[in-house]
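Shown next: coords-v7.pdb, given as PDB, C-alpha atoms.
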```
ATOM      1  CA  MET A 107       0.000   0.000   0.000
ATOM      2  CA  LYS A 108       2.888   2.361   0.789
ATOM      3  CA  ALA A 109       4.300   1.913  -2.686
ATOM      4  CA  GLN A 110       0.948   2.703  -4.302
ATOM      5  CA  LEU A 111       0.438   5.873  -2.281
ATOM      6  CA  ALA A 112       4.005   7.154  -2.462
ATOM      7  CA  HIS A 113       4.213   6.445  -6.221
ATOM      8  CA  LYS A 114       7.412   8.266  -7.266
ATOM      9  CA  GLN A 115       7.891  10.243  -4.044
ATOM     10  CA  HIS A 116       9.600   7.515  -2.019
ATOM     11  CA  ASN A 117      11.076   9.947   0.477
ATOM     12  CA  ARG A 118       7.626  11.226   1.500
ATOM     13  CA  TRP A 119       5.782   7.959   2.260
ATOM     14  CA  ASP A 120       5.348   8.903   5.927
ATOM     15  CA  GLU A 121       2.997  11.743   4.948
ATOM     16  CA  TRP A 122       0.448   9.085   3.941
ATOM     17  CA  ILE A 123       0.309   7.313   7.317
ATOM     18  CA  PRO A 124      -3.107   8.776   8.292
ATOM     19  CA  GLU A 125      -4.626   7.686   4.982
ATOM     20  CA  MET A 126      -3.084   4.212   5.286
ATOM     21  CA  THR A 127      -4.377   3.869   8.851
ATOM     22  CA  LEU A 128      -7.879   4.908   7.788
ATOM     23  CA  ALA A 129      -7.820   2.437   4.880
ATOM     24  CA  LEU A 130      -6.698  -0.442   7.116
ATOM     25  CA  ASN A 131      -9.172   0.350   9.908
ATOM     26  CA  THR A 132     -12.195   0.697   7.613
ATOM     27  CA  ASN A 133     -11.395  -2.250   5.349
ATOM     28  CA  ILE A 134     -13.943  -5.027   5.821
ATOM     29  CA  SER A 135     -12.095  -8.295   6.289
ATOM     30  CA  ASP A 136     -13.133 -11.332   4.239
ATOM     31  CA  THR A 137     -12.580 -13.554   7.266
ATOM     32  CA  LYS A 138     -14.305 -11.449   9.910
ATOM     33  CA  CYS A 139     -16.864  -9.681   7.670
ATOM     34  CA  TYR A 140     -16.463  -6.562   9.824
ATOM     35  CA  SER A 141     -13.979  -3.725   9.810
ATOM     36  CA  PRO A 142     -11.496  -3.347  12.692
ATOM     37  CA  ALA A 143     -12.991   0.086  13.432
ATOM     38  CA  TYR A 144     -16.454  -1.432  13.915
ATOM     39  CA  LEU A 145     -15.152  -4.203  16.168
ATOM     40  CA  VAL A 146     -13.298  -1.713  18.388
ATOM     41  CA  GLN A 147     -15.765   1.189  18.439
ATOM     42  CA  GLY A 148     -19.083  -0.537  17.798
ATOM     43  CA  ARG A 149     -19.783   1.695  14.811
ATOM     44  CA  GLU A 150     -18.305   2.566  11.467
ATOM     45  CA  PRO A 151     -16.338   5.825  11.462
ATOM     46  CA  ARG A 152     -17.420   8.760   9.357
ATOM     47  CA  LEU A 153     -15.228   8.827   6.304
ATOM     48  CA  PRO A 154     -13.907  12.057   4.790
ATOM     49  CA  THR A 155     -16.308  11.731   1.839
ATOM     50  CA  ALA A 156     -19.280  11.801   4.246
ATOM     51  CA  LEU A 157     -18.303  15.298   5.359
ATOM     52  CA  PHE A 158     -19.357  16.660   1.957
ATOM     53  CA  ASP A 159     -22.688  14.842   1.728
ATOM     54  CA  GLU A 160     -25.779  17.026   1.943
ATOM     55  CA  VAL A 161     -27.305  14.742   4.547
ATOM     56  CA  ALA A 162     -25.040  13.178   7.113
ATOM     57  CA  LEU A 163     -25.401   9.420   7.255
ATOM     58  CA  GLY A 164     -27.004   7.997  10.363
ATOM     59  CA  THR A 165     -28.724  11.190  11.530
ATOM     60  CA  GLY A 166     -32.214   9.851  10.889
ATOM     61  CA  THR A 167     -31.754   6.499  12.627
ATOM     62  CA  LYS A 168     -33.152   5.607  16.003
ATOM     63  CA  GLN A 169     -30.571   5.372  18.777
ATOM     64  CA  SER A 170     -30.421   1.965  20.453
ATOM     65  CA  ASP A 171     -30.097   1.576  24.203
ATOM     66  CA  PRO A 172     -26.659   0.552  25.563
ATOM     67  CA  VAL A 173     -27.815  -2.901  26.726
ATOM     68  CA  SER A 174     -29.103  -3.958  23.303
ATOM     69  CA  LYS A 175     -25.978  -2.517  21.656
ATOM     70  CA  ALA A 176     -23.779  -4.517  24.084
ATOM     71  CA  ASN A 177     -25.752  -7.699  23.352
ATOM     72  CA  GLU A 178     -25.436  -7.082  19.605
ATOM     73  CA  LEU A 179     -21.673  -6.592  19.921
ATOM     74  CA  GLN A 180     -21.340  -9.785  22.003
ATOM     75  CA  GLU A 181     -23.080 -11.741  19.247
ATOM     76  CA  ILE A 182     -20.810 -10.158  16.634
ATOM     77  CA  PHE A 183     -17.711 -11.009  18.714
ATOM     78  CA  GLU A 184     -18.801 -14.663  18.888
ATOM     79  CA  ILE A 185     -19.302 -14.738  15.107
ATOM     80  CA  VAL A 186     -15.861 -13.201  14.564
ATOM     81  CA  ARG A 187     -14.207 -15.662  17.001
ATOM     82  CA  HIS A 188     -15.807 -18.580  15.163
ATOM     83  CA  ARG A 189     -14.742 -17.253  11.741
ATOM     84  CA  LEU A 190     -11.156 -16.601  12.908
ATOM     85  CA  ALA A 191     -10.895 -20.127  14.345
ATOM     86  CA  ARG A 192     -12.182 -21.597  11.083
ATOM     87  CA  ALA A 193      -9.761 -19.458   9.042
ATOM     88  CA  GLY A 194      -6.884 -20.599  11.265
ATOM     89  CA  GLU A 195      -7.822 -24.227  10.700
ATOM     90  CA  ASP A 196      -7.982 -23.662   6.937
ATOM     91  CA  GLN A 197      -4.553 -21.991   6.955
ATOM     92  CA  ARG A 198      -3.084 -24.827   9.023
ATOM     93  CA  ARG A 199      -4.538 -27.431   6.657
ATOM     94  CA  TYR A 200      -3.188 -25.694   3.526
ATOM     95  CA  TYR A 201       0.222 -25.136   5.133
ATOM     96  CA  ASN A 202       0.528 -28.793   6.101
ATOM     97  CA  LEU A 203      -0.390 -30.095   2.630
ATOM     98  CA  ARG A 204       3.224 -30.003   1.433
ATOM     99  CA  ARG A 205       4.902 -30.288   4.822
ATOM    100  CA  ARG A 206       6.904 -33.452   5.360
ATOM    101  CA  PRO A 207       7.800 -34.435   8.906
ATOM    102  CA  TRP A 208      11.557 -34.724   9.308
ATOM    103  CA  LYS A 209      13.402 -35.405  12.520
ATOM    104  CA  PRO A 210      17.217 -35.569  12.348
ATOM    105  CA  ARG A 211      19.167 -37.633  14.859
ATOM    106  CA  VAL A 212      22.354 -36.853  16.758
ATOM    107  CA  GLY A 213      25.266 -37.448  14.392
ATOM    108  CA  ASP A 214      23.282 -36.730  11.196
ATOM    109  CA  ARG A 215      24.785 -34.324   8.702
ATOM    110  CA  VAL A 216      22.561 -31.389   7.761
ATOM    111  CA  LEU A 217      22.629 -28.236   5.673
ATOM    112  CA  VAL A 218      21.884 -24.958   7.447
ATOM    113  CA  LYS A 219      19.920 -22.103   5.895
ATOM    114  CA  GLN A 220      22.151 -19.058   5.438
ATOM    115  CA  HIS A 221      20.972 -15.461   5.882
ATOM    116  CA  PRO A 222      23.614 -13.376   4.103
ATOM    117  CA  LEU A 223      23.301  -9.625   3.717
ATOM    118  CA  SER A 224      24.118  -7.794   0.504
ATOM    119  CA  LYS A 225      27.208  -5.611   0.602
ATOM    120  CA  ALA A 226      27.703  -3.241  -2.309
ATOM    121  CA  VAL A 227      31.280  -2.395  -1.270
ATOM    122  CA  ASP A 228      32.322  -6.016  -1.801
ATOM    123  CA  ASN A 229      30.051  -6.453  -4.847
ATOM    124  CA  PHE A 230      28.132  -9.164  -2.990
ATOM    125  CA  ALA A 231      24.440  -9.734  -3.730
ATOM    126  CA  ALA A 232      22.687 -11.871  -1.104
ATOM    127  CA  LYS A 233      20.058 -12.813  -3.669
ATOM    128  CA  LEU A 234      22.691 -14.721  -5.649
ATOM    129  CA  ALA A 235      24.347 -16.442  -2.681
ATOM    130  CA  PRO A 236      23.758 -20.123  -1.850
ATOM    131  CA  LYS A 237      20.698 -20.608   0.343
ATOM    132  CA  TYR A 238      22.225 -23.416   2.444
ATOM    133  CA  GLY A 239      25.700 -24.034   3.852
ATOM    134  CA  GLY A 240      27.367 -27.028   5.395
ATOM    135  CA  PRO A 241      27.346 -29.917   5.962
ATOM    136  CA  TYR A 242      27.263 -29.733   9.763
ATOM    137  CA  VAL A 243      26.859 -32.513  12.296
ATOM    138  CA  ILE A 244      23.971 -32.561  14.808
ATOM    139  CA  VAL A 245      25.401 -32.577  18.341
ATOM    140  CA  ASP A 246      22.422 -32.128  20.661
ATOM    141  CA  PHE A 247      18.679 -31.392  20.947
ATOM    142  CA  PRO A 248      17.985 -28.804  23.682
ATOM    143  CA  SER A 249      14.266 -29.098  22.842
ATOM    144  CA  THR A 250      12.044 -30.862  20.324
ATOM    145  CA  VAL A 251      12.529 -28.243  17.594
ATOM    146  CA  ILE A 252      15.875 -26.698  18.579
ATOM    147  CA  VAL A 253      19.076 -28.318  17.343
ATOM    148  CA  ARG A 254      22.685 -27.688  18.324
ATOM    149  CA  ALA A 255      25.125 -28.313  15.474
ATOM    150  CA  LYS A 256      28.928 -28.402  15.381
ATOM    151  CA  ILE A 257      28.996 -24.813  14.153
ATOM    152  CA  LEU A 258      28.427 -23.832  17.809
ATOM    153  CA  GLN A 259      25.081 -22.331  17.017
ATOM    154  CA  THR A 260      21.569 -23.194  18.156
ATOM    155  CA  LEU A 261      19.184 -23.619  15.242
ATOM    156  CA  HIS A 262      15.500 -24.241  14.653
ATOM    157  CA  LEU A 263      14.508 -27.356  12.688
ATOM    158  CA  SER A 264      12.953 -25.175   9.992
ATOM    159  CA  GLU A 265      16.446 -23.810   9.226
ATOM    160  CA  LEU A 266      17.802 -27.283   8.411
ATOM    161  CA  LYS A 267      17.505 -29.809   5.666
ATOM    162  CA  PRO A 268      19.093 -33.237   5.353
ATOM    163  CA  TYR A 269      22.521 -33.564   3.826
ATOM    164  CA  PRO A 270      22.380 -36.094   0.985
ATOM    165  CA  ASN A 271      23.902 -39.506   1.291
ATOM    166  CA  PRO A 272      27.282 -39.741  -0.513
ATOM    167  CA  GLU A 273      26.094 -42.994  -2.098
ATOM    168  CA  ASP A 274      23.199 -41.085  -3.683
ATOM    169  CA  PRO A 275      22.942 -42.311  -7.303
ATOM    170  CA  ASN A 276      21.838 -38.857  -8.467
ATOM    171  CA  PRO A 277      24.159 -36.204  -6.933
ATOM    172  CA  SER A 278      22.736 -33.460  -9.159
ATOM    173  CA  THR A 279      19.581 -33.448  -6.989
ATOM    174  CA  PHE A 280      21.687 -32.315  -4.011
ATOM    175  CA  HIS A 281      23.284 -29.486  -5.969
ATOM    176  CA  ARG A 282      19.868 -28.246  -7.051
ATOM    177  CA  GLN A 283      18.398 -28.566  -3.525
ATOM    178  CA  ALA A 284      21.262 -26.625  -1.917
ATOM    179  CA  TYR A 285      20.362 -23.531  -3.920
ATOM    180  CA  GLU A 286      16.559 -23.683  -3.492
TER     181      GLU A 286
END
```
Translate this file's structure into structure tokens.
Amino acid sequence: MKAQLAHKQHNRWDEWIPEMTLALNTNISDTKCYSPAYLVQGREPRLPTALFDEVALGTGTKQSDPVSKANELQEIFEIVRHRLARAGEDQRRYYNLRRRPWKPRVGDRVLVKQHPLSKAVDNFAAKLAPKYGGPYVIVDFPSTVIVRAKILQTLHLSELKPYPNPEDPNPSTFHRQAYE
């Protein structure tokens, strides 16, 4: 959104923060079906375009008593909680579709995901660097998802991938995987 608002004035993006905040707070979420402003304030805010309307919106409506408004908001909160839980389940299911469980053992060789930074002075582009380095040997498991390798660094399982077996009949698959 910042890029769309700033267009060619990249040094002035911070001038658009109020507009970005208004857009985010009044955007009706597909998951929740309500805007964040409504869920926090119990009403939709008046938008800048409403200031120029001949008749202000909502002036002819009957005011509801606080108890009925509180009951209405409680019902809405329950609907939103249910929708968020369902969306979380959907996201978990789609994420796990391609996820393969992998549990290395002590002594296994693994590749470790690298996080290099670009450095123009050295003509180094991180985008072109190898994604994984190693191989390193697993030394210990401080927890179920934390691994200690011989590089004297504690790593998360998501940062590792198995090092291929030297007897692998197709070594080109390793070379391709190391740069994915």
Worksheet entry | Output of the PyMOL selection byres ((chain A and resi 195-207) around 12), listed as a ChimeraX atom specification | /A:137,188-194,208-210,251,263-264,267-268
Preceding selection exported with C-alpha atoms as a short mmCIF file (atom, residue, chain, number, x, y, z; two decimals), keeping the file's coordinate frame:
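Dumped everything to out.cif:
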```cif
data_model
loop_
_atom_site.label_atom_id
_atom_site.label_comp_id
_atom_site.auth_asym_id
_atom_site.auth_seq_id
_atom_site.Cartn_x
_atom_site.Cartn_y
_atom_site.Cartn_z
CA THR A 137 -12.58 -13.55 7.27
CA HIS A 188 -15.81 -18.58 15.16
CA ARG A 189 -14.74 -17.25 11.74
CA LEU A 190 -11.16 -16.60 12.91
CA ALA A 191 -10.90 -20.13 14.34
CA ARG A 192 -12.18 -21.60 11.08
CA ALA A 193 -9.76 -19.46 9.04
CA GLY A 194 -6.88 -20.60 11.26
CA TRP A 208 11.56 -34.72 9.31
CA LYS A 209 13.40 -35.40 12.52
CA PRO A 210 17.22 -35.57 12.35
CA VAL A 251 12.53 -28.24 17.59
CA LEU A 263 14.51 -27.36 12.69
CA SER A 264 12.95 -25.18 9.99
CA LYS A 267 17.50 -29.81 5.67
CA PRO A 268 19.09 -33.24 5.35
#
```
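Going from CA of Pro172 (chain A) over to CA of Asn133 (chain A), you cover 25.5 Å.
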Item to complete: State, in Å with one decimal place, the distance from CA of Val245 (chain A) to CA of His221 (chain A).
Response: 21.6 Å
Fill in: Computed interatomic separation between CA of Leu130 (chain A) and CA of Asp171 (chain A) (Å)
29.0 Å
Item to complete: Do a neighbour search on Ile252 (chain A) at 8 Å with only C-alpha atoms, toss out local chain neighbours closer than 2 positions, and write the hits as a ChimeraX atom specification.
Response: /A:247-250,254,260-263
Convert the current residue selection to file output with C-alpha atoms, as an mmCIF file, keeping the file's coordinate frame.
```cif
data_model
loop_
_atom_site.group_PDB
_atom_site.id
_atom_site.type_symbol
_atom_site.label_atom_id
_atom_site.label_comp_id
_atom_site.auth_asym_id
_atom_site.auth_seq_id
_atom_site.Cartn_x
_atom_site.Cartn_y
_atom_site.Cartn_z
ATOM 1 C CA PHE A 247 18.679 -31.392 20.947
ATOM 2 C CA PRO A 248 17.985 -28.804 23.682
ATOM 3 C CA SER A 249 14.266 -29.098 22.842
ATOM 4 C CA THR A 250 12.044 -30.862 20.324
ATOM 5 C CA ARG A 254 22.685 -27.688 18.324
ATOM 6 C CA THR A 260 21.569 -23.194 18.156
ATOM 7 C CA LEU A 261 19.184 -23.619 15.242
ATOM 8 C CA HIS A 262 15.500 -24.241 14.653
ATOM 9 C CA LEU A 263 14.508 -27.356 12.688
#
```
Worksheet item: Applied to the shown file, which residues does the PyMOL selection byres ((chain A and resi 239) around 6) return, written as a VMD selection string?
Response: chain A and resid 217 to 218 238 240
Limited to C-alpha atoms, could you put the picked residues into a file as a PDB file, in the coordinates of the input?
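Wrote out.pdb, looks like this:
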```
ATOM      1  CA  LEU A 217      22.629 -28.236   5.673  1.00  0.00           C
ATOM      2  CA  VAL A 218      21.884 -24.958   7.447  1.00  0.00           C
ATOM      3  CA  TYR A 238      22.225 -23.416   2.444  1.00  0.00           C
ATOM      4  CA  GLY A 240      27.367 -27.028   5.395  1.00  0.00           C
TER       5      GLY A 240
END
```
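The nearest approach to Lys219 (chain A) among the residues A:Leu266, A:Leu153, A:Ile123, A:Val253, with only C-alpha atoms taken into account, belongs to A:Leu266.
Proximity to Ser141 (chain A) at 9 Å, evaluated using only C-alpha atoms and with sequence-adjacent residues fewer than 6 positions away removed, yields Leu130, Asn131, Thr132, Asn133, Ile134, Ser135 and Glu150 of chain A.
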Write the residues you've just listed into a file as a compact mmCIF listing (two decimals), keeping the file's coordinate frame, and include C-alpha atoms for each of them.
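Now in result-v3.txt:
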```txt
# COMPACT_ATOMS: atom_id res chain seq x y z
CA LEU A 130 -6.70 -0.44 7.12
CA ASN A 131 -9.17 0.35 9.91
CA THR A 132 -12.20 0.70 7.61
CA ASN A 133 -11.40 -2.25 5.35
CA ILE A 134 -13.94 -5.03 5.82
CA SER A 135 -12.10 -8.30 6.29
CA GLU A 150 -18.30 2.57 11.47
```
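In this comparison, which uses all atoms listed in the file, the residue of A:Lys138, A:Tyr144, A:Ala226, A:Arg211 approaching Glu184 (chain A) most closely is A:Lys138.
Considering only C-alpha atoms, the residue among A:Ile182, A:Leu234, A:Ile244, A:Leu145 positioned nearest to Val212 (chain A) is A:Ile244.
The nearest approach to Leu179 (chain A) among the residues A:Tyr140, A:Lys256, A:Thr155, A:Arg215, with all atoms listed in the file taken into account, belongs to A:Tyr140.
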Response to the item:
Residue with the minimum atom-to-atom distance to Arg152 (chain A), picked from A:Leu128, A:Pro222, A:Ala176, A:Asp136 with all atoms listed in the file counted, is A:Leu128
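Nearest to Asp214 (chain A) of all the residues A:Asp120, A:Asp228, A:Asp246, A:Glu181 is A:Asp246, counting all atoms listed in the file.
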Hey, could you patch up region 128-147 of chain A with N, CA and C atoms and hand it over as a short mmCIF file (atom, residue, chain, number, x, y, z; two decimals), in the coordinates of the input?
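After the write, part01.cif holds the following:
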```cif
data_model
loop_
_atom_site.label_atom_id
_atom_site.label_comp_id
_atom_site.auth_asym_id
_atom_site.auth_seq_id
_atom_site.Cartn_x
_atom_site.Cartn_y
_atom_site.Cartn_z
N LEU A 128 -6.44 4.86 8.06
CA LEU A 128 -7.88 4.91 7.79
C LEU A 128 -8.28 3.76 6.86
N ALA A 129 -7.49 3.51 5.82
CA ALA A 129 -7.82 2.44 4.88
C ALA A 129 -7.79 1.08 5.58
N LEU A 130 -6.79 0.84 6.41
CA LEU A 130 -6.70 -0.44 7.12
C LEU A 130 -7.82 -0.61 8.14
N ASN A 131 -8.16 0.45 8.86
CA ASN A 131 -9.17 0.35 9.91
C ASN A 131 -10.60 0.27 9.37
N THR A 132 -10.84 0.73 8.16
CA THR A 132 -12.20 0.70 7.61
C THR A 132 -12.38 -0.41 6.59
N ASN A 133 -11.32 -1.16 6.31
CA ASN A 133 -11.40 -2.25 5.35
C ASN A 133 -12.14 -3.43 5.98
N ILE A 134 -13.17 -3.90 5.31
CA ILE A 134 -13.94 -5.03 5.82
C ILE A 134 -13.21 -6.31 5.45
N SER A 135 -12.86 -7.07 6.47
CA SER A 135 -12.10 -8.30 6.29
C SER A 135 -12.97 -9.40 5.73
N ASP A 136 -12.40 -10.19 4.80
CA ASP A 136 -13.13 -11.33 4.24
C ASP A 136 -13.39 -12.38 5.32
N THR A 137 -12.44 -12.55 6.22
CA THR A 137 -12.58 -13.55 7.27
C THR A 137 -13.59 -13.13 8.31
N LYS A 138 -13.46 -11.90 8.80
CA LYS A 138 -14.30 -11.45 9.91
C LYS A 138 -15.63 -10.85 9.46
N CYS A 139 -15.68 -10.35 8.23
CA CYS A 139 -16.86 -9.68 7.67
C CYS A 139 -17.21 -8.38 8.38
N TYR A 140 -16.29 -7.85 9.15
CA TYR A 140 -16.46 -6.56 9.82
C TYR A 140 -15.14 -5.82 9.74
N SER A 141 -15.21 -4.51 9.82
CA SER A 141 -13.98 -3.72 9.81
C SER A 141 -13.40 -3.67 11.22
N PRO A 142 -12.08 -3.49 11.36
CA PRO A 142 -11.50 -3.35 12.69
C PRO A 142 -12.10 -2.17 13.46
N ALA A 143 -12.41 -1.07 12.76
CA ALA A 143 -12.99 0.09 13.43
C ALA A 143 -14.33 -0.27 14.07
N TYR A 144 -15.15 -1.05 13.37
CA TYR A 144 -16.45 -1.43 13.92
C TYR A 144 -16.29 -2.34 15.13
N LEU A 145 -15.36 -3.28 15.05
CA LEU A 145 -15.15 -4.20 16.17
C LEU A 145 -14.61 -3.50 17.41
N VAL A 146 -13.86 -2.44 17.23
CA VAL A 146 -13.30 -1.71 18.39
C VAL A 146 -14.28 -0.68 18.92
N GLN A 147 -14.92 0.07 18.02
CA GLN A 147 -15.76 1.19 18.44
C GLN A 147 -17.25 0.88 18.46
#
```
